[in-house]
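Input: a single structure, listed below in structure tokens.
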Amino acid sequence: MVALSEVPSDERVELVDVPDDECRARLLRLGLLDGSVECRRRIRNGPVVVRRRGTEVALGRSLAREITVERAPRGDAPR
């Protein structure tokens with residue numbers, strides 16, 4: 001497992017561990033915790049942009065460092 005902030009662009013991952021309950025609840029409401037997400041962009045010294053079901057969300061660099069992810073199984077496309 002690795003931090004979201006370390007994932008290269010265009011890689012699919014599943015968010016495994018989110019640092020606190022408030023962040024977890026927000027990401028769950030956005031549908032980012034129930035399947036794989038695509039890491040769209042890592043902005044140098046800035047946020048990480050993830051995409052799921054056509055929705056892109058920018059997560060701050062400090063939060064992205066605390067979110068643990070694992071690679072999504074191949075063929076796991078967004079629904």
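Every chain in the structure tokens takes a letter, A first, then B, and so on in the order presented; its residues are numbered from 1, and the ligands are numbered from 1 following the presented order.
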
Skipping near chain neighbours, those fewer than 5 positions away, what residues fall within 9 Å of segment 23-31 of chain A using only C-alpha atoms, listed as an MDAnalysis selection string? chainID A and resid 17:18 52:53 55 57 63

Surrounding residues of Arg71 of chain A excluding itself and chain neighbours under 2 positions, 7 Å, only C-alpha atoms, as a VMD selection string: chain A and resid 12 to 14 69 73

Leaving out Ile67 of chain A and any residue of its chain fewer than 6 positions from it, which residues lie within 8 Å of it when counting only C-alpha atoms, given as JSON, numbers by chain? {"A": [3, 4, 15, 16, 17, 18, 19]}

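The spacing separating atom CA of Arg42 of chain A from atom CA of Ser9 of chain A amounts to 6.4 Å.
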
Which residue of A:Asp20, A:Leu32, A:Glu11, A:Ser5 approaches Gly60 of chain A most closely, using only C-alpha atoms: A:Ser5

May I have all residues of chain A that DSSP, computed from the backbone, assigns to alpha helix (DSSP H), given as a ChimeraX atom specification? /A:21-29,61-66

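Minimum atom-to-atom distances from A:Val7, A:Cys39, A:Val48, A:Leu33 to Ser62 of chain A were compared using only C-alpha atoms, and the lowest value belongs to A:Val48.
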
Distance of atom CA of Met1 of chain A from atom CA of Glu70 of chain A, expressed in Å to one decimal place: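 Distance between the two atoms: 5.0 Å.
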
For Leu59 of chain A, find every residue with an atom within 7 Å (counting only C-alpha atoms), except residues of its own chain fewer than 5 positions away, and show them as a list of chain:residue names. A:Pro47, A:Val48, A:Val49, A:Ala64

Got time to write the residues from that selection, all heavy atoms, as a CSV table (one decimal), in the first residue's frame?
```
chain,number,residue,atom,x,y,z
A,47,PRO,N,-2.6,19.9,-4.9
A,47,PRO,CA,-3.5,18.8,-4.7
A,47,PRO,C,-3.4,17.7,-5.7
A,47,PRO,O,-2.7,17.8,-6.7
A,47,PRO,CB,-4.9,19.5,-4.9
A,47,PRO,CG,-4.6,20.7,-5.8
A,47,PRO,CD,-3.2,21.1,-5.4
A,48,VAL,N,-4.0,16.6,-5.3
A,48,VAL,CA,-4.1,15.4,-6.2
A,48,VAL,C,-5.6,15.4,-6.6
A,48,VAL,O,-6.5,15.5,-5.9
A,48,VAL,CB,-3.8,14.1,-5.4
A,48,VAL,CG1,-4.0,12.9,-6.2
A,48,VAL,CG2,-2.4,14.2,-4.9
A,49,VAL,N,-5.8,15.3,-7.9
A,49,VAL,CA,-7.1,15.2,-8.5
A,49,VAL,C,-7.5,13.8,-8.8
A,49,VAL,O,-6.7,13.1,-9.6
A,49,VAL,CB,-7.2,16.1,-9.8
A,49,VAL,CG1,-8.6,16.1,-10.4
A,49,VAL,CG2,-6.8,17.5,-9.5
A,64,ALA,N,-3.9,14.0,1.0
A,64,ALA,CA,-3.5,12.9,0.1
A,64,ALA,C,-2.3,12.1,0.6
A,64,ALA,O,-2.2,10.9,0.4
A,64,ALA,CB,-3.1,13.5,-1.3
```

What is the atom CA of Gly46 of chain A-atom CA of Asp34 of chain A distance in Å, reported with one decimal? 25.1 Å

So that I can check the secondary structure, give me every residue of segment 13-73 of chain A assigned strand (DSSP E or B) by backbone DSSP, as a PyMOL selection string. chain A and resi 13-17+36-42+48-52+55-59+68-71
